[in-house]
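Peer 1: If you scroll down you'll find the structure; I have some questions about it.
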Amino acid sequence: MSGSTGEPMSEPRSGPPGGSTGGSALLRAEGLHKDYGPTPALAGAGIEVAAGELVAIMGPSGSGKSTLLLCLAGIVRPERGRIEYQGEELTRSTDARRSELRRGDFGFLFQFAQLVPELSNLENVALPLRLAGMRRRAAHAVAAEWLERLEVPGLAGKRPGEISGGQAQRVGVARALVTRPKVVFADEPTGALDSLNGERVMRLLVQAAGDLRRGGAGHPRVPGRRLRRP
């Protein structure tokens with residue numbers, strides 16, 4: 001992992017303290033390289049994430065954290081290296097297959113929530129379900145349950161521009177988890193919030209992911225705040 005110089009991320013490692021994920025890794029990457037023009041973002045980066053694990057990728061601005069998440073999620077193709085999800089090599093998968101995973105197995109939470117401004121908050125949370133083919137009424141019922149769980153049921157009929165940043169992030173958490181994903185990618189989910197709202201969003205995110213896991217609907221993880229140096 002890079003130091004304070006903003007160097008490209010190289011060979012980060014994750015796993016339970018004092019142990020190894022071994023063959024139990026749900027998501028694994030090794031030897032990832034990605035350049036943006038003459039600027040290297042990833043230089044041989046690798047990571048393993050086990051089922052049920054909460055992982056963080058930490059480093060200075062420009063060290064490749066977001067690029068690594070985008071590569072792991074199948075949004076950006078690395079120039080070299082290998083990524084496996086449940087034994088499937090994503091670096092060889094088609095665009096259609098990676099899109100399918102992003103609609104179901106993967107959830108996403110961004111720094112500024114990135115809600116669709118023309119939609120209500122309920123419609124924003126229901127959107128991944130609608131894209132996956134669920135009927136409108138059923139999708140809205142599930143979305144309403146998640147807004148209730150994330151402590152913002154009264155925001156369902158409002159639009160993103162009518163709510164605070166902290167409220168928007170809670171709506172974003174609901175949207176990230178509504179499909180019961182097996183992996184959640186959170187890219188600086190509290191970076192735009194004050195400390196109180198940031199703590200609240202992280203607590204709700206971890207709690208909701210734990211509830212999903214205990215409910216037997218997969219193993220939500222948040223690549224977000226713990227990574228050991230090599």
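Residues are named by chain letter and number: chains run A, B, ... in the order of the structure tokens, numbers start at 1 in each chain, and ligands are numbered from 1 in the order shown.
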I'd like the neighbourhood of Asp194 in chain A as an mmCIF file with C-alpha atoms, in the first residue's frame, where a residue qualifies if any of its atoms comes within 12 Å (using only C-alpha atoms), though same-chain residues fewer than 5 positions away should be ignored.
Peer 2:
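Output saved as selection.cif:
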```cif
data_model
loop_
_atom_site.group_PDB
_atom_site.id
_atom_site.type_symbol
_atom_site.label_atom_id
_atom_site.label_comp_id
_atom_site.auth_asym_id
_atom_site.auth_seq_id
_atom_site.Cartn_x
_atom_site.Cartn_y
_atom_site.Cartn_z
ATOM 1 C CA SER A 164 -29.761 17.065 4.053
ATOM 2 C CA GLY A 165 -26.446 15.427 3.167
ATOM 3 C CA GLY A 166 -26.676 13.019 6.088
ATOM 4 C CA GLN A 169 -26.358 9.191 2.563
ATOM 5 C CA PRO A 189 -19.143 7.189 2.147
ATOM 6 C CA GLU A 199 -20.534 8.147 12.445
ATOM 7 C CA ARG A 200 -24.282 7.649 12.112
ATOM 8 C CA VAL A 201 -24.030 6.569 8.460
#
```
Peer 1: Write out as a PyMOL selection string the set of residues from range 30-214 of chain A that DSSP, computed on the backbone, places in helix (DSSP H, G or I).
Peer 2: chain A and resi 65-72+90-92+95-104+121-131+136-149+153-155+160-162+165-177+195-214
Peer 1: Kindly export the residues of the current selection with C-alpha atoms, as a compact mmCIF listing (two decimals), in the first residue's frame.
Peer 2:
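See result24.txt below for the written result:
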```txt
# COMPACT_ATOMS: atom_id res chain seq x y z
CA LYS A 65 -8.12 3.68 -3.74
CA SER A 66 -11.09 4.54 -5.95
CA THR A 67 -9.47 2.95 -8.99
CA LEU A 68 -9.00 -0.29 -7.08
CA LEU A 69 -12.66 -0.32 -6.03
CA LEU A 70 -13.79 0.40 -9.60
CA CYS A 71 -11.64 -2.45 -10.90
CA LEU A 72 -12.89 -4.89 -8.25
CA LEU A 90 -14.03 -11.09 -13.82
CA THR A 91 -11.14 -9.82 -15.93
CA ARG A 92 -12.31 -12.25 -18.64
CA ASP A 95 -19.60 -6.45 -20.18
CA ALA A 96 -23.08 -8.01 -19.88
CA ARG A 97 -21.92 -10.38 -17.14
CA ARG A 98 -20.25 -7.61 -15.14
CA SER A 99 -23.39 -5.48 -15.47
CA GLU A 100 -25.44 -8.41 -14.17
CA LEU A 101 -23.23 -8.66 -11.09
CA ARG A 102 -23.53 -4.91 -10.45
CA ARG A 103 -27.33 -5.18 -10.57
CA GLY A 104 -27.49 -7.97 -8.01
CA ASN A 121 -36.08 8.96 -2.47
CA LEU A 122 -38.36 5.92 -2.54
CA GLU A 123 -37.88 5.62 -6.29
CA ASN A 124 -34.12 5.99 -5.90
CA VAL A 125 -33.97 3.11 -3.44
CA ALA A 126 -36.26 0.99 -5.63
CA LEU A 127 -34.26 1.70 -8.79
CA PRO A 128 -31.84 -1.27 -8.55
CA LEU A 129 -34.80 -3.60 -8.06
CA ARG A 130 -36.61 -2.12 -11.05
CA LEU A 131 -33.47 -2.52 -13.18
CA ARG A 136 -43.01 -1.34 -9.48
CA ARG A 137 -45.34 -2.02 -6.55
CA ALA A 138 -43.18 -4.82 -5.15
CA ALA A 139 -39.98 -2.79 -5.61
CA HIS A 140 -41.50 0.19 -3.81
CA ALA A 141 -42.63 -2.02 -0.93
CA VAL A 142 -39.11 -3.39 -0.45
CA ALA A 143 -37.61 0.10 -0.79
CA ALA A 144 -39.98 1.43 1.88
CA GLU A 145 -38.83 -1.31 4.26
CA TRP A 146 -35.21 -0.27 3.76
CA LEU A 147 -35.97 3.40 4.34
CA GLU A 148 -37.63 2.33 7.58
CA ARG A 149 -34.60 0.30 8.56
CA PRO A 153 -39.18 6.57 6.36
CA GLY A 154 -40.52 10.11 6.27
CA LEU A 155 -38.27 10.99 3.32
CA PRO A 160 -32.81 14.35 -3.01
CA GLY A 161 -32.63 18.13 -3.31
CA GLU A 162 -35.09 18.50 -0.42
CA GLY A 165 -26.45 15.43 3.17
CA GLY A 166 -26.68 13.02 6.09
CA GLN A 167 -30.20 12.02 5.13
CA ALA A 168 -29.14 11.54 1.51
CA GLN A 169 -26.36 9.19 2.56
CA ARG A 170 -28.81 7.10 4.56
CA VAL A 171 -31.01 6.88 1.47
CA GLY A 172 -27.84 5.87 -0.39
CA VAL A 173 -27.16 3.10 2.12
CA ALA A 174 -30.70 1.82 1.61
CA ARG A 175 -30.19 1.81 -2.15
CA ALA A 176 -26.84 0.02 -1.80
CA LEU A 177 -28.38 -2.79 0.28
CA SER A 195 -18.36 13.75 12.20
CA LEU A 196 -21.77 13.13 13.78
CA ASN A 197 -23.52 12.26 10.53
CA GLY A 198 -20.49 10.31 9.33
CA GLU A 199 -20.53 8.15 12.45
CA ARG A 200 -24.28 7.65 12.11
CA VAL A 201 -24.03 6.57 8.46
CA MET A 202 -21.22 4.11 9.19
CA ARG A 203 -23.13 2.66 12.15
CA LEU A 204 -26.26 2.21 10.07
CA LEU A 205 -24.32 0.73 7.17
CA VAL A 206 -22.51 -1.82 9.32
CA GLN A 207 -25.67 -2.63 11.28
CA ALA A 208 -27.76 -3.11 8.15
CA ALA A 209 -25.08 -5.30 6.56
CA GLY A 210 -24.94 -7.39 9.73
CA ASP A 211 -28.73 -7.76 9.71
CA LEU A 212 -28.59 -9.01 6.13
CA ARG A 213 -25.85 -11.48 6.97
CA ARG A 214 -27.69 -12.88 9.98
```
Peer 1: Near range 22-32 of chain A, counting only C-alpha atoms, which residues have an atom at most 6 Å away, once you skip same-chain residues fewer than 6 positions from it, shown as a list of chain:residue names?
Peer 2: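 What passes the distance filter is A:Gly44, A:Ala45, A:Gly46, A:Ile47, A:Glu48, A:Val49, A:Ala50, A:Ala51, A:Arg80, A:Gly81, A:Arg82, A:Ile83, A:Glu84, A:Tyr85, A:Gln86.
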Peer 1: Using DSSP secondary structure from the backbone, list all strand (DSSP E or B) positions within range 14-230 of chain A, as an MDAnalysis selection string.
Peer 2: chainID A and resid 25:36 39:50 55 80:85 88:89 106:109 183:186 223 228
Peer 1: Export, as a compact mmCIF listing (two decimals), in the first residue's frame, the selected residues with N, CA and C atoms.
Peer 2:
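The file below, again_12.txt, is the result:
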```
# COMPACT_ATOMS: atom_id res chain seq x y z
N ALA A 25 -11.55 -16.84 0.22
CA ALA A 25 -11.75 -15.50 -0.30
C ALA A 25 -12.95 -15.47 -1.25
N LEU A 26 -13.84 -14.54 -1.01
CA LEU A 26 -14.98 -14.34 -1.90
C LEU A 26 -14.57 -13.52 -3.10
N LEU A 27 -13.72 -12.51 -2.84
CA LEU A 27 -13.24 -11.60 -3.88
C LEU A 27 -11.73 -11.53 -3.77
N ARG A 28 -11.06 -11.76 -4.87
CA ARG A 28 -9.59 -11.81 -4.86
C ARG A 28 -9.06 -11.09 -6.09
N ALA A 29 -7.99 -10.32 -5.90
CA ALA A 29 -7.32 -9.66 -7.02
C ALA A 29 -5.82 -9.76 -6.80
N GLU A 30 -5.10 -9.85 -7.88
CA GLU A 30 -3.63 -9.90 -7.78
C GLU A 30 -3.01 -9.29 -9.03
N GLY A 31 -1.91 -8.60 -8.82
CA GLY A 31 -1.12 -8.04 -9.92
C GLY A 31 -1.84 -7.01 -10.76
N LEU A 32 -2.71 -6.19 -10.14
CA LEU A 32 -3.49 -5.23 -10.92
C LEU A 32 -2.65 -4.01 -11.29
N HIS A 33 -2.73 -3.65 -12.57
CA HIS A 33 -2.06 -2.45 -13.08
C HIS A 33 -3.08 -1.61 -13.83
N LYS A 34 -3.09 -0.32 -13.56
CA LYS A 34 -3.97 0.60 -14.28
C LYS A 34 -3.30 1.96 -14.32
N ASP A 35 -3.18 2.50 -15.54
CA ASP A 35 -2.60 3.82 -15.74
C ASP A 35 -3.66 4.75 -16.32
N TYR A 36 -3.56 6.03 -15.98
CA TYR A 36 -4.36 7.07 -16.61
C TYR A 36 -3.38 7.98 -17.35
N THR A 39 0.18 8.54 -15.87
CA THR A 39 0.11 8.44 -14.41
C THR A 39 -0.36 7.06 -13.97
N PRO A 40 0.48 6.31 -13.25
CA PRO A 40 0.04 5.00 -12.76
C PRO A 40 -0.86 5.14 -11.54
N ALA A 41 -2.00 4.44 -11.55
CA ALA A 41 -2.91 4.44 -10.40
C ALA A 41 -2.74 3.16 -9.59
N LEU A 42 -2.55 2.05 -10.26
CA LEU A 42 -2.31 0.76 -9.61
C LEU A 42 -1.05 0.16 -10.18
N ALA A 43 -0.20 -0.36 -9.32
CA ALA A 43 1.07 -0.95 -9.76
C ALA A 43 1.25 -2.28 -9.06
N GLY A 44 0.56 -3.31 -9.54
CA GLY A 44 0.68 -4.64 -8.96
C GLY A 44 -0.16 -4.84 -7.73
N ALA A 45 -1.26 -4.11 -7.59
CA ALA A 45 -2.10 -4.19 -6.39
C ALA A 45 -2.81 -5.53 -6.29
N GLY A 46 -3.01 -5.99 -5.07
CA GLY A 46 -3.73 -7.24 -4.84
C GLY A 46 -4.46 -7.18 -3.51
N ILE A 47 -5.54 -7.92 -3.40
CA ILE A 47 -6.35 -7.92 -2.18
C ILE A 47 -7.18 -9.19 -2.13
N GLU A 48 -7.50 -9.65 -0.93
CA GLU A 48 -8.42 -10.76 -0.73
C GLU A 48 -9.47 -10.35 0.30
N VAL A 49 -10.73 -10.62 0.00
CA VAL A 49 -11.82 -10.30 0.90
C VAL A 49 -12.61 -11.58 1.15
N ALA A 50 -12.73 -11.95 2.41
CA ALA A 50 -13.46 -13.16 2.77
C ALA A 50 -14.93 -12.84 2.96
N VAL A 55 -13.65 -4.60 5.31
CA VAL A 55 -12.29 -4.26 4.88
C VAL A 55 -12.21 -2.78 4.56
N ARG A 80 -3.55 -4.94 -16.63
CA ARG A 80 -2.97 -6.27 -16.37
C ARG A 80 -3.46 -6.72 -15.01
N GLY A 81 -3.40 -8.01 -14.77
CA GLY A 81 -3.79 -8.56 -13.48
C GLY A 81 -5.03 -9.42 -13.57
N ARG A 82 -5.42 -9.95 -12.44
CA ARG A 82 -6.51 -10.92 -12.37
C ARG A 82 -7.44 -10.59 -11.20
N ILE A 83 -8.74 -10.66 -11.45
CA ILE A 83 -9.75 -10.46 -10.41
C ILE A 83 -10.70 -11.64 -10.44
N GLU A 84 -10.93 -12.26 -9.28
CA GLU A 84 -11.85 -13.38 -9.19
C GLU A 84 -12.94 -13.08 -8.17
N TYR A 85 -14.16 -13.42 -8.53
CA TYR A 85 -15.29 -13.30 -7.62
C TYR A 85 -15.99 -14.66 -7.58
N GLU A 88 -14.95 -17.00 -10.22
CA GLU A 88 -15.14 -16.56 -11.60
C GLU A 88 -14.16 -15.43 -11.91
N GLU A 89 -13.44 -15.54 -13.00
CA GLU A 89 -12.47 -14.51 -13.34
C GLU A 89 -13.17 -13.34 -14.03
N PHE A 106 -23.44 -6.96 -6.36
CA PHE A 106 -22.64 -5.84 -5.88
C PHE A 106 -23.54 -4.64 -5.56
N GLY A 107 -23.25 -3.98 -4.43
CA GLY A 107 -23.92 -2.73 -4.08
C GLY A 107 -22.90 -1.62 -4.01
N PHE A 108 -23.35 -0.38 -4.17
CA PHE A 108 -22.42 0.74 -4.25
C PHE A 108 -22.91 1.91 -3.39
N LEU A 109 -21.97 2.54 -2.69
CA LEU A 109 -22.25 3.74 -1.91
C LEU A 109 -21.13 4.73 -2.17
N VAL A 183 -21.51 -8.15 -1.87
CA VAL A 183 -20.39 -7.24 -1.63
C VAL A 183 -20.91 -5.82 -1.79
N VAL A 184 -20.55 -4.94 -0.86
CA VAL A 184 -20.86 -3.52 -0.97
C VAL A 184 -19.56 -2.75 -1.10
N PHE A 185 -19.45 -1.96 -2.15
CA PHE A 185 -18.29 -1.10 -2.37
C PHE A 185 -18.66 0.31 -1.91
N ALA A 186 -17.98 0.80 -0.89
CA ALA A 186 -18.27 2.14 -0.36
C ALA A 186 -17.05 3.02 -0.56
N PRO A 223 -15.88 -2.80 1.47
CA PRO A 223 -14.50 -2.38 1.37
C PRO A 223 -14.44 -0.90 1.69
N ARG A 228 -4.60 -3.85 6.29
CA ARG A 228 -3.28 -3.97 6.90
C ARG A 228 -2.21 -3.75 5.85
```
Peer 1: One decimal, in Å: what's the spacing between CA of Asp187 in chain A and CA of Ala56 in chain A?
Peer 2: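 That distance, rounded to one decimal, is 9.9 Å.
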Peer 1: Tell me, in Å to one decimal, how far CA of Pro60 in chain A is from CA of Glu188 in chain A.
Peer 2: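 CA of Pro60 in chain A sits 12.1 Å away from CA of Glu188 in chain A.
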Peer 1: Using Å and a single decimal, report how far CA of Leu54 in chain A sits from CA of Glu151 in chain A.
Peer 2: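 Computed distance, CA of Glu151 in chain A to CA of Leu54 in chain A, equals 22.4 Å.
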Peer 1: Nearest to Gly52 in chain A among A:Leu193, A:Gly133, A:Lys182, A:Thr94, with distances taken over only C-alpha atoms: which residue is it?
Peer 2: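 Ranking A:Leu193, A:Gly133, A:Lys182, A:Thr94 by distance to Gly52 in chain A, first place goes to A:Lys182.
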